[in-house]
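Engineer: What follows is the file entry.cif, containing mmCIF, C-alpha atoms:
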```cif
data_final
loop_
_atom_site.group_PDB
_atom_site.id
_atom_site.type_symbol
_atom_site.label_atom_id
_atom_site.label_comp_id
_atom_site.auth_asym_id
_atom_site.auth_seq_id
_atom_site.Cartn_x
_atom_site.Cartn_y
_atom_site.Cartn_z
ATOM 1 C CA MET A 1 109.394 87.186 104.500
ATOM 2 C CA GLN A 2 108.720 90.576 106.040
ATOM 3 C CA CYS A 3 111.412 93.189 106.103
ATOM 4 C CA ASP A 4 111.562 95.926 108.698
ATOM 5 C CA TRP A 5 110.252 98.711 106.541
ATOM 6 C CA PRO A 6 106.871 99.009 108.342
ATOM 7 C CA LEU A 7 108.640 99.262 111.681
ATOM 8 C CA LEU A 8 110.954 102.150 110.875
ATOM 9 C CA GLY A 9 108.619 104.922 111.939
ATOM 10 C CA PRO A 10 107.831 108.422 110.645
ATOM 11 C CA LEU A 11 111.213 109.975 111.388
ATOM 12 C CA GLN A 12 113.084 107.323 109.444
ATOM 13 C CA TRP A 13 110.553 107.350 106.598
ATOM 14 C CA MET A 14 110.958 111.117 106.253
ATOM 15 C CA ARG A 15 114.593 110.535 105.372
ATOM 16 C CA TYR A 16 113.534 108.714 102.205
ATOM 17 C CA VAL A 17 111.023 111.335 101.065
ATOM 18 C CA ASN A 18 111.938 113.426 97.998
ATOM 19 C CA LYS A 19 114.533 110.909 96.934
ATOM 20 C CA GLN A 20 114.604 108.568 93.992
ATOM 21 C CA VAL A 21 114.257 105.060 95.388
ATOM 22 C CA LYS A 22 114.315 101.520 94.132
ATOM 23 C CA VAL A 23 111.727 99.298 95.811
ATOM 24 C CA LYS A 24 111.671 95.509 95.748
ATOM 25 C CA ALA A 25 108.216 94.114 96.341
ATOM 26 C CA GLY A 26 106.380 90.977 95.316
ATOM 27 C CA LYS A 27 108.095 88.265 93.279
ATOM 28 C CA ASP A 28 111.376 89.896 92.298
ATOM 29 C CA GLU A 29 109.615 92.979 90.992
ATOM 30 C CA GLU A 30 111.535 96.196 91.169
ATOM 31 C CA ARG A 31 110.166 99.638 90.758
ATOM 32 C CA ARG A 32 111.774 103.045 90.726
ATOM 33 C CA GLY A 33 110.400 106.468 91.301
ATOM 34 C CA TRP A 34 110.536 109.612 93.359
ATOM 35 C CA LEU A 35 109.245 108.924 96.847
ATOM 36 C CA LEU A 36 106.470 111.376 97.562
ATOM 37 C CA THR A 37 105.323 110.063 100.932
ATOM 38 C CA VAL A 38 104.999 107.012 103.164
ATOM 39 C CA ASP A 39 101.651 106.314 104.770
ATOM 40 C CA PRO A 40 102.261 106.020 108.530
ATOM 41 C CA VAL A 41 99.269 103.705 108.939
ATOM 42 C CA SER A 42 100.148 101.087 106.330
ATOM 43 C CA ALA A 43 103.812 101.947 105.564
ATOM 44 C CA SER A 44 102.870 102.141 101.879
ATOM 45 C CA LEU A 45 105.236 104.028 99.616
ATOM 46 C CA VAL A 46 103.954 106.495 97.050
ATOM 47 C CA LEU A 47 106.280 106.717 94.044
ATOM 48 C CA VAL A 48 105.935 109.333 91.340
ATOM 49 C CA ASP A 49 107.302 109.006 87.830
ATOM 50 C CA PHE A 50 107.311 112.061 85.632
ATOM 51 C CA LYS A 51 106.476 111.472 82.002
ATOM 52 C CA GLU A 52 107.824 113.391 79.016
ATOM 53 C CA ASP A 53 104.463 115.001 78.276
ATOM 54 C CA GLY A 54 104.378 116.650 81.693
ATOM 55 C CA GLY A 55 102.021 114.147 83.269
ATOM 56 C CA ALA A 56 102.895 111.883 86.136
ATOM 57 C CA SER A 57 102.230 108.292 86.968
ATOM 58 C CA VAL A 58 101.704 107.436 90.602
ATOM 59 C CA GLN A 59 102.518 104.027 91.989
ATOM 60 C CA VAL A 60 101.634 102.964 95.516
ATOM 61 C CA VAL A 61 103.511 99.986 96.932
ATOM 62 C CA MET A 62 101.784 98.436 99.921
ATOM 63 C CA GLY A 63 103.868 98.387 103.095
ATOM 64 C CA HIS A 64 103.254 94.714 103.818
ATOM 65 C CA ALA A 65 104.734 93.735 100.431
ATOM 66 C CA VAL A 66 107.941 95.767 100.634
ATOM 67 C CA GLU A 67 111.113 93.699 100.703
ATOM 68 C CA GLU A 68 113.799 96.274 100.178
ATOM 69 C CA VAL A 69 114.086 100.019 99.715
ATOM 70 C CA GLU A 70 117.232 101.559 98.295
ATOM 71 C CA VAL A 71 117.963 105.232 97.777
ATOM 72 C CA LEU A 72 119.299 106.044 94.329
ATOM 73 C CA GLN A 73 119.620 109.795 94.341
ATOM 74 C CA GLU A 74 118.452 112.986 95.944
ATOM 75 C CA ALA A 75 115.973 115.232 94.179
ATOM 76 C CA ASP A 76 117.219 118.527 92.818
ATOM 77 C CA GLU A 77 115.399 121.772 93.567
ATOM 78 C CA GLU A 78 113.162 121.569 90.510
ATOM 79 C CA THR A 79 112.037 117.993 91.120
ATOM 80 C CA THR A 80 111.345 118.696 94.781
ATOM 81 C CA GLN A 81 109.179 121.658 93.791
ATOM 82 C CA ARG A 82 107.342 119.531 91.269
ATOM 83 C CA LEU A 83 106.754 116.771 93.805
ATOM 84 C CA GLN A 84 105.500 119.110 96.492
ATOM 85 C CA SER A 85 103.120 120.958 94.243
ATOM 86 C CA SER A 86 101.592 117.942 92.494
ATOM 87 C CA PHE A 87 99.156 117.082 95.227
ATOM 88 C CA LEU A 88 99.045 119.905 97.681
ATOM 89 C CA PRO A 89 96.145 122.323 97.380
ATOM 90 C CA ALA A 90 96.857 125.550 95.540
ATOM 91 C CA LYS A 91 98.057 128.264 97.853
ATOM 92 C CA THR A 92 95.395 130.843 98.458
ATOM 93 C CA ARG A 93 96.261 134.183 96.976
ATOM 94 C CA ARG A 94 97.131 136.782 99.518
ATOM 95 C CA LEU A 95 94.372 139.232 100.239
ATOM 96 C CA ASP A 96 95.313 142.616 101.549
ATOM 97 C CA PRO A 97 94.438 143.334 105.193
ATOM 98 C CA GLU A 98 91.538 145.644 104.337
ATOM 99 C CA ASP A 99 89.871 142.982 102.173
ATOM 100 C CA LEU A 100 90.466 140.392 104.862
ATOM 101 C CA ARG A 101 88.912 142.630 107.466
ATOM 102 C CA LYS A 102 85.836 143.160 105.303
ATOM 103 C CA ARG A 103 85.524 139.455 104.651
ATOM 104 C CA ARG A 104 85.903 138.618 108.286
ATOM 105 C CA ALA A 105 83.239 141.148 109.262
ATOM 106 C CA GLY A 106 80.954 139.854 106.518
ATOM 107 C CA VAL A 107 81.283 136.229 107.604
ATOM 108 C CA ARG A 108 80.894 137.185 111.235
ATOM 109 C CA SER A 109 77.703 139.144 110.708
ATOM 110 C CA TRP A 110 76.273 136.339 108.568
ATOM 111 C CA LEU A 111 76.890 133.868 111.379
ATOM 112 C CA GLU A 112 75.387 136.235 113.920
ATOM 113 C CA LYS A 113 72.304 136.666 111.743
ATOM 114 C CA ASN A 114 71.959 132.903 111.893
ATOM 115 C CA ARG A 115 72.038 133.051 115.679
ATOM 116 C CA ILE A 116 75.474 131.462 115.987
ATOM 117 C CA PRO A 117 77.816 132.789 118.681
ATOM 118 C CA VAL A 118 81.035 134.020 117.122
ATOM 119 C CA GLU A 119 83.993 135.965 118.449
ATOM 120 C CA GLU A 120 86.999 137.526 116.799
ATOM 121 C CA GLU A 121 90.360 136.341 118.049
ATOM 122 C CA GLY A 122 92.979 138.320 116.218
ATOM 123 C CA ASP A 123 92.799 137.281 112.593
ATOM 124 C CA GLU A 124 90.605 134.298 113.301
ATOM 125 C CA LEU A 125 86.946 133.787 114.049
ATOM 126 C CA ARG A 126 86.035 131.505 116.905
ATOM 127 C CA VAL A 127 82.594 129.963 116.530
ATOM 128 C CA ALA A 128 80.704 128.606 119.533
ATOM 129 C CA GLY A 129 84.038 127.981 121.240
ATOM 130 C CA VAL A 130 84.646 124.848 119.169
ATOM 131 C CA LEU A 131 85.367 125.931 115.618
ATOM 132 C CA THR A 132 88.002 128.272 114.211
ATOM 133 C CA ILE A 133 87.907 130.045 110.873
ATOM 134 C CA THR A 134 91.220 131.299 109.528
ATOM 135 C CA PRO A 135 91.696 133.820 106.728
ATOM 136 C CA PRO A 136 90.357 134.003 104.008
ATOM 137 C CA TYR A 137 87.295 132.659 105.893
ATOM 138 C CA GLY A 138 86.056 130.277 103.221
ATOM 139 C CA PRO A 139 84.397 126.893 103.877
ATOM 140 C CA GLU A 140 87.793 125.235 103.483
ATOM 141 C CA ASP A 141 89.269 127.366 106.244
ATOM 142 C CA CYS A 142 87.086 126.015 109.039
ATOM 143 C CA CYS A 143 88.764 123.848 111.670
ATOM 144 C CA SER A 144 86.949 121.901 114.325
ATOM 145 C CA SER A 145 86.989 118.539 116.031
ATOM 146 C CA ASN A 146 83.189 118.442 116.012
ATOM 147 C CA GLN A 147 82.084 117.070 112.653
ATOM 148 C CA ILE A 148 78.473 118.094 112.940
ATOM 149 C CA ILE A 149 79.198 121.721 113.703
ATOM 150 C CA LEU A 150 81.911 121.763 111.058
ATOM 151 C CA ASP A 151 79.478 120.560 108.439
ATOM 152 C CA ARG A 152 76.801 123.083 109.395
ATOM 153 C CA ILE A 153 79.127 126.060 109.482
ATOM 154 C CA GLN A 154 80.787 125.070 106.219
ATOM 155 C CA LYS A 155 77.413 124.946 104.497
ATOM 156 C CA LEU A 156 76.459 128.304 105.966
ATOM 157 C CA ILE A 157 79.653 129.977 104.847
ATOM 158 C CA GLN A 158 79.369 128.457 101.406
ATOM 159 C CA SER A 159 76.106 130.331 100.943
ATOM 160 C CA VAL A 160 77.800 133.605 101.913
ATOM 161 C CA PHE A 161 80.120 133.407 98.978
ATOM 162 C CA GLN A 162 77.490 132.153 96.573
ATOM 163 C CA ILE A 163 74.490 134.301 97.346
ATOM 164 C CA GLN A 164 76.220 137.477 98.358
ATOM 165 C CA PRO A 165 79.528 137.835 96.545
ATOM 166 C CA ASP A 166 79.493 141.596 97.118
ATOM 167 C CA HIS A 167 78.309 141.291 100.682
ATOM 168 C CA THR A 168 78.300 144.802 102.058
ATOM 169 C CA GLU A 169 80.023 145.158 105.359
ATOM 170 C CA THR A 170 77.807 145.631 108.361
ATOM 171 C CA ASP A 171 79.163 147.193 111.492
ATOM 172 C CA PRO A 172 79.510 144.312 113.993
ATOM 173 C CA ASP A 173 78.536 146.612 116.869
ATOM 174 C CA CYS A 174 75.208 147.565 115.337
ATOM 175 C CA PRO A 175 73.406 144.356 114.351
ATOM 176 C CA SER A 176 71.445 144.816 111.212
ATOM 177 C CA THR A 177 67.679 144.686 111.413
ATOM 178 C CA MET A 178 67.368 143.500 107.842
ATOM 179 C CA GLU A 179 64.734 140.820 107.401
ATOM 180 C CA VAL A 180 66.078 137.652 105.880
ATOM 181 C CA MET B 181 85.547 91.278 78.266
ATOM 182 C CA ALA B 182 82.711 93.575 79.278
ATOM 183 C CA THR B 183 80.384 90.856 80.502
ATOM 184 C CA PRO B 184 78.982 92.026 83.808
ATOM 185 C CA VAL B 185 79.119 89.435 86.558
ATOM 186 C CA SER B 186 76.489 89.036 89.214
ATOM 187 C CA VAL B 187 77.583 89.967 92.705
ATOM 188 C CA LEU B 188 79.774 87.308 94.301
ATOM 189 C CA ARG B 189 79.412 86.989 98.025
ATOM 190 C CA LEU B 190 82.580 85.438 99.331
ATOM 191 C CA PRO B 191 82.646 84.086 102.876
ATOM 192 C CA LYS B 192 83.262 86.851 105.365
ATOM 193 C CA GLY B 193 86.471 86.888 107.316
ATOM 194 C CA PRO B 194 86.457 86.367 111.071
ATOM 195 C CA ASP B 195 84.540 88.934 113.048
ATOM 196 C CA PRO B 196 86.973 90.363 115.592
ATOM 197 C CA ASN B 197 84.163 91.087 118.011
ATOM 198 C CA SER B 198 82.592 87.657 118.286
ATOM 199 C CA ARG B 199 83.143 85.529 121.337
ATOM 200 C CA GLY B 200 85.581 82.676 121.558
ATOM 201 C CA PHE B 201 87.810 84.039 118.851
ATOM 202 C CA ASP B 202 91.535 83.793 119.310
ATOM 203 C CA PRO B 203 93.346 87.032 118.411
ATOM 204 C CA LYS B 204 96.599 85.098 118.102
ATOM 205 C CA SER B 205 95.385 82.635 115.502
ATOM 206 C CA PRO B 206 97.004 83.000 112.047
ATOM 207 C CA ARG B 207 93.605 83.548 110.411
ATOM 208 C CA PHE B 208 92.855 86.470 112.676
ATOM 209 C CA ILE B 209 96.246 88.028 112.148
ATOM 210 C CA ALA B 210 95.989 87.662 108.390
ATOM 211 C CA LEU B 211 92.492 89.055 108.042
ATOM 212 C CA CYS B 212 92.138 91.458 110.938
ATOM 213 C CA ARG B 213 95.521 93.015 110.963
ATOM 214 C CA THR B 214 95.636 95.991 113.279
ATOM 215 C CA SER B 215 97.321 99.093 112.027
ATOM 216 C CA ILE B 216 100.905 99.893 112.878
ATOM 217 C CA ALA B 217 101.560 101.140 116.408
ATOM 218 C CA THR B 218 101.385 104.896 116.813
ATOM 219 C CA SER B 219 104.863 105.178 118.226
ATOM 220 C CA ALA B 220 107.611 103.237 116.542
ATOM 221 C CA SER B 221 109.802 102.690 119.557
ATOM 222 C CA SER B 222 109.000 102.722 123.227
ATOM 223 C CA GLU B 223 112.246 104.526 123.929
ATOM 224 C CA THR B 224 111.110 107.586 122.030
ATOM 225 C CA ASN B 225 111.762 110.350 124.480
ATOM 226 C CA ALA B 226 109.390 113.216 125.117
ATOM 227 C CA GLU B 227 111.427 115.625 122.982
ATOM 228 C CA GLN B 228 111.265 113.402 119.920
ATOM 229 C CA LEU B 229 107.548 112.838 120.212
ATOM 230 C CA PRO B 230 106.287 116.191 118.816
ATOM 231 C CA ILE B 231 108.745 115.941 115.932
ATOM 232 C CA GLU B 232 107.629 112.400 115.235
ATOM 233 C CA GLN B 233 103.975 113.380 115.410
ATOM 234 C CA HIS B 234 104.535 116.265 113.037
ATOM 235 C CA ALA B 235 106.320 113.986 110.588
ATOM 236 C CA ARG B 236 103.516 111.472 110.889
ATOM 237 C CA SER B 237 100.821 114.042 110.133
ATOM 238 C CA VAL B 238 102.710 115.489 107.153
ATOM 239 C CA LEU B 239 103.225 112.013 105.695
ATOM 240 C CA ARG B 240 99.630 111.004 106.281
ATOM 241 C CA GLU B 241 98.200 114.217 104.820
ATOM 242 C CA THR B 242 100.220 113.836 101.638
ATOM 243 C CA PHE B 243 99.155 110.218 101.384
ATOM 244 C CA LEU B 244 95.480 111.106 101.796
ATOM 245 C CA ARG B 245 95.775 113.785 99.139
ATOM 246 C CA CYS B 246 97.307 111.242 96.779
ATOM 247 C CA LEU B 247 94.409 108.882 97.359
ATOM 248 C CA LEU B 248 92.026 111.765 96.819
ATOM 249 C CA SER B 249 93.623 112.600 93.496
ATOM 250 C CA MET B 250 93.143 108.989 92.385
ATOM 251 C CA THR B 251 89.403 108.838 92.938
ATOM 252 C CA ASN B 252 87.376 108.042 89.823
ATOM 253 C CA LYS B 253 90.519 107.273 87.854
ATOM 254 C CA LYS B 254 91.520 103.994 86.298
ATOM 255 C CA VAL B 255 94.054 102.154 88.390
ATOM 256 C CA GLN B 256 95.900 98.886 87.804
ATOM 257 C CA PHE B 257 96.274 96.632 90.802
ATOM 258 C CA LEU B 258 99.141 94.194 90.975
ATOM 259 C CA MET B 259 98.203 91.321 93.222
ATOM 260 C CA HIS B 260 99.970 88.153 94.310
ATOM 261 C CA GLU B 261 100.950 85.550 91.695
ATOM 262 C CA ARG B 262 101.433 88.329 89.122
ATOM 263 C CA VAL B 263 97.703 88.925 88.794
ATOM 264 C CA LYS B 264 96.903 92.324 87.262
ATOM 265 C CA VAL B 265 93.419 93.788 87.383
ATOM 266 C CA GLU B 266 92.094 97.142 86.345
ATOM 267 C CA ALA B 267 89.372 99.113 88.110
ATOM 268 C CA THR B 268 88.139 102.608 88.816
ATOM 269 C CA PHE B 269 89.351 103.722 92.216
ATOM 270 C CA GLY B 270 86.703 104.675 94.714
ATOM 271 C CA ALA B 271 87.958 104.979 98.267
ATOM 272 C CA SER B 272 90.079 103.460 100.976
ATOM 273 C CA ASP B 273 89.139 102.817 104.574
ATOM 274 C CA ILE B 274 90.946 104.598 107.384
ATOM 275 C CA ASP B 275 93.364 101.772 108.210
ATOM 276 C CA VAL B 276 94.122 101.072 104.544
ATOM 277 C CA LEU B 277 92.754 97.551 104.860
ATOM 278 C CA ASN B 278 90.265 97.640 101.980
ATOM 279 C CA PHE B 279 89.844 99.575 98.764
ATOM 280 C CA GLN B 280 86.457 100.233 97.283
ATOM 281 C CA VAL B 281 86.520 100.101 93.487
ATOM 282 C CA SER B 282 84.058 100.150 90.598
ATOM 283 C CA ASP B 283 84.148 98.298 87.286
ATOM 284 C CA LEU B 284 86.702 95.760 88.340
ATOM 285 C CA HIS B 285 87.881 93.849 85.264
ATOM 286 C CA THR B 286 88.517 90.263 86.264
ATOM 287 C CA PRO B 287 89.218 87.192 84.115
ATOM 288 C CA ILE B 288 85.597 86.108 84.598
ATOM 289 C CA GLY B 289 84.031 89.430 83.750
ATOM 290 C CA VAL B 290 83.422 92.908 85.102
ATOM 291 C CA GLN B 291 82.393 93.393 88.727
ATOM 292 C CA LYS B 292 80.341 96.534 89.012
ATOM 293 C CA GLU B 293 81.412 97.281 92.575
ATOM 294 C CA ALA B 294 84.009 95.463 94.653
ATOM 295 C CA LEU B 295 86.081 95.647 97.807
ATOM 296 C CA ILE B 296 89.695 94.710 97.394
ATOM 297 C CA ARG B 297 91.630 93.546 100.431
ATOM 298 C CA CYS B 298 94.879 95.440 100.780
ATOM 299 C CA GLN B 299 96.654 92.334 101.994
ATOM 300 C CA ASP B 300 96.076 90.901 98.507
ATOM 301 C CA VAL B 301 97.540 93.937 96.748
ATOM 302 C CA ILE B 302 101.242 94.363 96.177
ATOM 303 C CA SER B 303 101.045 97.687 94.384
ATOM 304 C CA PHE B 304 98.725 99.799 92.304
ATOM 305 C CA THR B 305 99.369 102.385 89.633
ATOM 306 C CA CYS B 306 97.460 105.377 88.383
ATOM 307 C CA ASP B 307 98.256 107.676 85.514
ATOM 308 C CA SER B 308 97.341 111.318 85.895
#
```
Could I get this file's structure written as structure tokens?

Structural biologist:
Amino acid sequence: MQCDWPLLGPLQWMRYVNKQVKVKAGKDEERRGWLLTVDPVSASLVLVDFKEDGGASVQVVMGHAVEEVEVLQEADEETTQRLQSSFLPAKTRRLDPEDLRKRRAGVRSWLEKNRIPVEEEGDELRVAGVLTITPPYGPEDCCSSNQIILDRIQKLIQSVFQIQPDHTETDPDCPSTMEV
Amino acid sequence: MATPVSVLRLPKGPDPNSRGFDPKSPRFIALCRTSIATSASSETNAEQLPIEQHARSVLRETFLRCLLSMTNKKVQFLMHERVKVEATFGASDIDVLNFQVSDLHTPIGVQKEALIRCQDVISFTCDS
């Protein structure tokens, strides 16, 4: 007996997020928890239960098994904060503009040394017209729809931060003649 | 119950690409379920669409991060008929149709590697 939960859609599912819900699934089994998210592909609910020792237990209820979802209460500010921060990546610390500029120039010259076309577009670096690097220009900050190029550039940038942590800035207008 | 079990090869489900296979048959629908349609209602107007897409991507990203945080952790799967099994979570496929797990503890022993069909799972729990 399938209920309509999987058919609600993202906008309706969003209304249940960050609320404490009671879910009926399987043979008369009920579970409660704070709804962290609903997977749009499978309509699965992710419930979080905070334990006394500060840890959390995560329960995923598969969308096809859901019979009923009932909202019990809204999350207060503290719980919402806790929910949001449990799984999202840590926010990168803010670098001051001068540091960012140096980093950007360093990454750019490294890519140019490796014969990769790169242009500066405001704060971002545009690589070969298909990949964008946003501040702070680490491997995690590369965006592209081309997986092969993404992989290559990520590996290249990773070596910038490992091999040359104090990479001295080279003037982008005067390519360095340093032998690598 | 740490007896390792040799690999069990269960009969494969229907191959959706083979000829003469009826996509409307119950077996196909049960085993080759397609994922949920990208747009919930056909009356969604053009203004709603970007908002809906944004909501969809936020929900999906959080879900993927949850799955990521569960990798290599012990999870308990609750299946039909109140069957509970424990395993170490590996990965999910893109349509959330199968889970790859290691060290699946079953009543007949421990399966070193296994694929669990999501249709068989009601819920699973992980402690972090």

Engineer: Which value, in Å to one decimal, gives the distance between CA of Val281 (chain B) and CA of Glu52 (chain A)?

Structural biologist: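 So the answer is 29.0 Å.
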
Engineer: Can you list, as number ranges by chain, the residues that the PyMOL selection byres ((chain A) within 8 of (chain B)) selects here?

Structural biologist: A: 6-11, 14, 25-27, 36-42, 46, 55-62, 64-65, 87-88

Engineer: Store the residues of this selection in a file with C-alpha atoms, as a PDB file, keeping the file's coordinate frame.

Structural biologist:
```
ATOM      1  CA  PRO A   6     106.871  99.009 108.342  1.00  0.00           C
ATOM      2  CA  LEU A   7     108.640  99.262 111.681  1.00  0.00           C
ATOM      3  CA  LEU A   8     110.954 102.150 110.875  1.00  0.00           C
ATOM      4  CA  GLY A   9     108.619 104.922 111.939  1.00  0.00           C
ATOM      5  CA  PRO A  10     107.831 108.422 110.645  1.00  0.00           C
ATOM      6  CA  LEU A  11     111.213 109.975 111.388  1.00  0.00           C
ATOM      7  CA  MET A  14     110.958 111.117 106.253  1.00  0.00           C
ATOM      8  CA  ALA A  25     108.216  94.114  96.341  1.00  0.00           C
ATOM      9  CA  GLY A  26     106.380  90.977  95.316  1.00  0.00           C
ATOM     10  CA  LYS A  27     108.095  88.265  93.279  1.00  0.00           C
ATOM     11  CA  LEU A  36     106.470 111.376  97.562  1.00  0.00           C
ATOM     12  CA  THR A  37     105.323 110.063 100.932  1.00  0.00           C
ATOM     13  CA  VAL A  38     104.999 107.012 103.164  1.00  0.00           C
ATOM     14  CA  ASP A  39     101.651 106.314 104.770  1.00  0.00           C
ATOM     15  CA  PRO A  40     102.261 106.020 108.530  1.00  0.00           C
ATOM     16  CA  VAL A  41      99.269 103.705 108.939  1.00  0.00           C
ATOM     17  CA  SER A  42     100.148 101.087 106.330  1.00  0.00           C
ATOM     18  CA  VAL A  46     103.954 106.495  97.050  1.00  0.00           C
ATOM     19  CA  GLY A  55     102.021 114.147  83.269  1.00  0.00           C
ATOM     20  CA  ALA A  56     102.895 111.883  86.136  1.00  0.00           C
ATOM     21  CA  SER A  57     102.230 108.292  86.968  1.00  0.00           C
ATOM     22  CA  VAL A  58     101.704 107.436  90.602  1.00  0.00           C
ATOM     23  CA  GLN A  59     102.518 104.027  91.989  1.00  0.00           C
ATOM     24  CA  VAL A  60     101.634 102.964  95.516  1.00  0.00           C
ATOM     25  CA  VAL A  61     103.511  99.986  96.932  1.00  0.00           C
ATOM     26  CA  MET A  62     101.784  98.436  99.921  1.00  0.00           C
ATOM     27  CA  HIS A  64     103.254  94.714 103.818  1.00  0.00           C
ATOM     28  CA  ALA A  65     104.734  93.735 100.431  1.00  0.00           C
ATOM     29  CA  PHE A  87      99.156 117.082  95.227  1.00  0.00           C
ATOM     30  CA  LEU A  88      99.045 119.905  97.681  1.00  0.00           C
TER      31      LEU A  88
END
```

Engineer: Please, what distance in Å, to one decimal, runs between CA of Val23 (chain A) and CA of Leu47 (chain A)?

Structural biologist: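 Between these atoms lies a distance of 9.4 Å.
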
Engineer: Give as a PyMOL selection string the set of residues within 8 Å of the point (89.5, 139.3, 107.3), where distances use the file's coordinates and all atoms listed in the file.

Structural biologist: chain A and resi 97-105+123-124+135-137

Engineer: One decimal, in Å: what's the spacing between CA of Asp141 (chain A) and CA of Leu83 (chain A)?

Structural biologist: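 Those two atoms sit 23.9 Å apart.
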
Engineer: Using all atoms listed in the file, which of the listed residues (A:Ile148, A:Lys24, A:Thr80, A:Asp49) sits closest to Gly63 (chain A)?

Structural biologist: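 When distances to Gly63 (chain A) are compared using all atoms listed in the file, the smallest one comes from A:Lys24.
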
Engineer: Leaving out region 127-129 of chain A and any residue of its chain fewer than 4 positions from it, which residues lie within 7 Å of it when counting all atoms listed in the file, given as an NGL selection string?

Structural biologist: :A and (116-119)

Engineer: If we count all atoms listed in the file, what is near Leu156 (chain A) at a cut-off of 9 Å, once residues fewer than 3 positions away on the same chain are taken out, given as a PyMOL selection string?

Structural biologist: chain A and resi 110-111+114+139+151-153+159-160

Engineer: With N, CA, C and O atoms as the goal, would you fill in the gaps in region 242-253 of chain B and present it as an mmCIF file, in the coordinates of the input?

Structural biologist:
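The result, written out as selection-v7.cif:
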```
data_model
loop_
_atom_site.group_PDB
_atom_site.id
_atom_site.type_symbol
_atom_site.label_atom_id
_atom_site.label_comp_id
_atom_site.auth_asym_id
_atom_site.auth_seq_id
_atom_site.Cartn_x
_atom_site.Cartn_y
_atom_site.Cartn_z
ATOM 1 N N THR B 242 99.837 113.989 103.043
ATOM 2 C CA THR B 242 100.220 113.836 101.638
ATOM 3 C C THR B 242 99.642 112.550 101.069
ATOM 4 O O THR B 242 99.157 112.528 99.929
ATOM 5 N N PHE B 243 99.701 111.490 101.861
ATOM 6 C CA PHE B 243 99.155 110.218 101.384
ATOM 7 C C PHE B 243 97.660 110.329 101.100
ATOM 8 O O PHE B 243 97.160 109.854 100.077
ATOM 9 N N LEU B 244 96.923 110.964 101.996
ATOM 10 C CA LEU B 244 95.480 111.106 101.796
ATOM 11 C C LEU B 244 95.187 111.940 100.558
ATOM 12 O O LEU B 244 94.255 111.654 99.803
ATOM 13 N N ARG B 245 96.002 112.967 100.328
ATOM 14 C CA ARG B 245 95.775 113.785 99.139
ATOM 15 C C ARG B 245 96.055 112.988 97.868
ATOM 16 O O ARG B 245 95.398 113.173 96.851
ATOM 17 N N CYS B 246 97.050 112.100 97.950
ATOM 18 C CA CYS B 246 97.307 111.242 96.779
ATOM 19 C C CYS B 246 96.108 110.369 96.492
ATOM 20 O O CYS B 246 95.674 110.252 95.339
ATOM 21 N N LEU B 247 95.573 109.751 97.545
ATOM 22 C CA LEU B 247 94.409 108.882 97.359
ATOM 23 C C LEU B 247 93.254 109.684 96.789
ATOM 24 O O LEU B 247 92.527 109.232 95.903
ATOM 25 N N LEU B 248 93.105 110.902 97.280
ATOM 26 C CA LEU B 248 92.026 111.765 96.819
ATOM 27 C C LEU B 248 92.168 112.058 95.332
ATOM 28 O O LEU B 248 91.199 112.084 94.585
ATOM 29 N N SER B 249 93.417 112.254 94.904
ATOM 30 C CA SER B 249 93.623 112.600 93.496
ATOM 31 C C SER B 249 93.369 111.399 92.592
ATOM 32 O O SER B 249 93.214 111.542 91.390
ATOM 33 N N MET B 250 93.342 110.192 93.194
ATOM 34 C CA MET B 250 93.143 108.989 92.385
ATOM 35 C C MET B 250 91.683 108.612 92.231
ATOM 36 O O MET B 250 91.366 107.731 91.433
ATOM 37 N N THR B 251 90.803 109.268 92.984
ATOM 38 C CA THR B 251 89.403 108.838 92.938
ATOM 39 C C THR B 251 88.850 109.028 91.533
ATOM 40 O O THR B 251 89.172 109.988 90.849
ATOM 41 N N ASN B 252 88.017 108.049 91.137
ATOM 42 C CA ASN B 252 87.376 108.042 89.823
ATOM 43 C C ASN B 252 88.360 107.935 88.676
ATOM 44 O O ASN B 252 88.029 108.267 87.546
ATOM 45 N N LYS B 253 89.574 107.499 88.951
ATOM 46 C CA LYS B 253 90.519 107.273 87.854
ATOM 47 C C LYS B 253 90.757 105.779 87.725
ATOM 48 O O LYS B 253 90.567 105.020 88.665
#
```
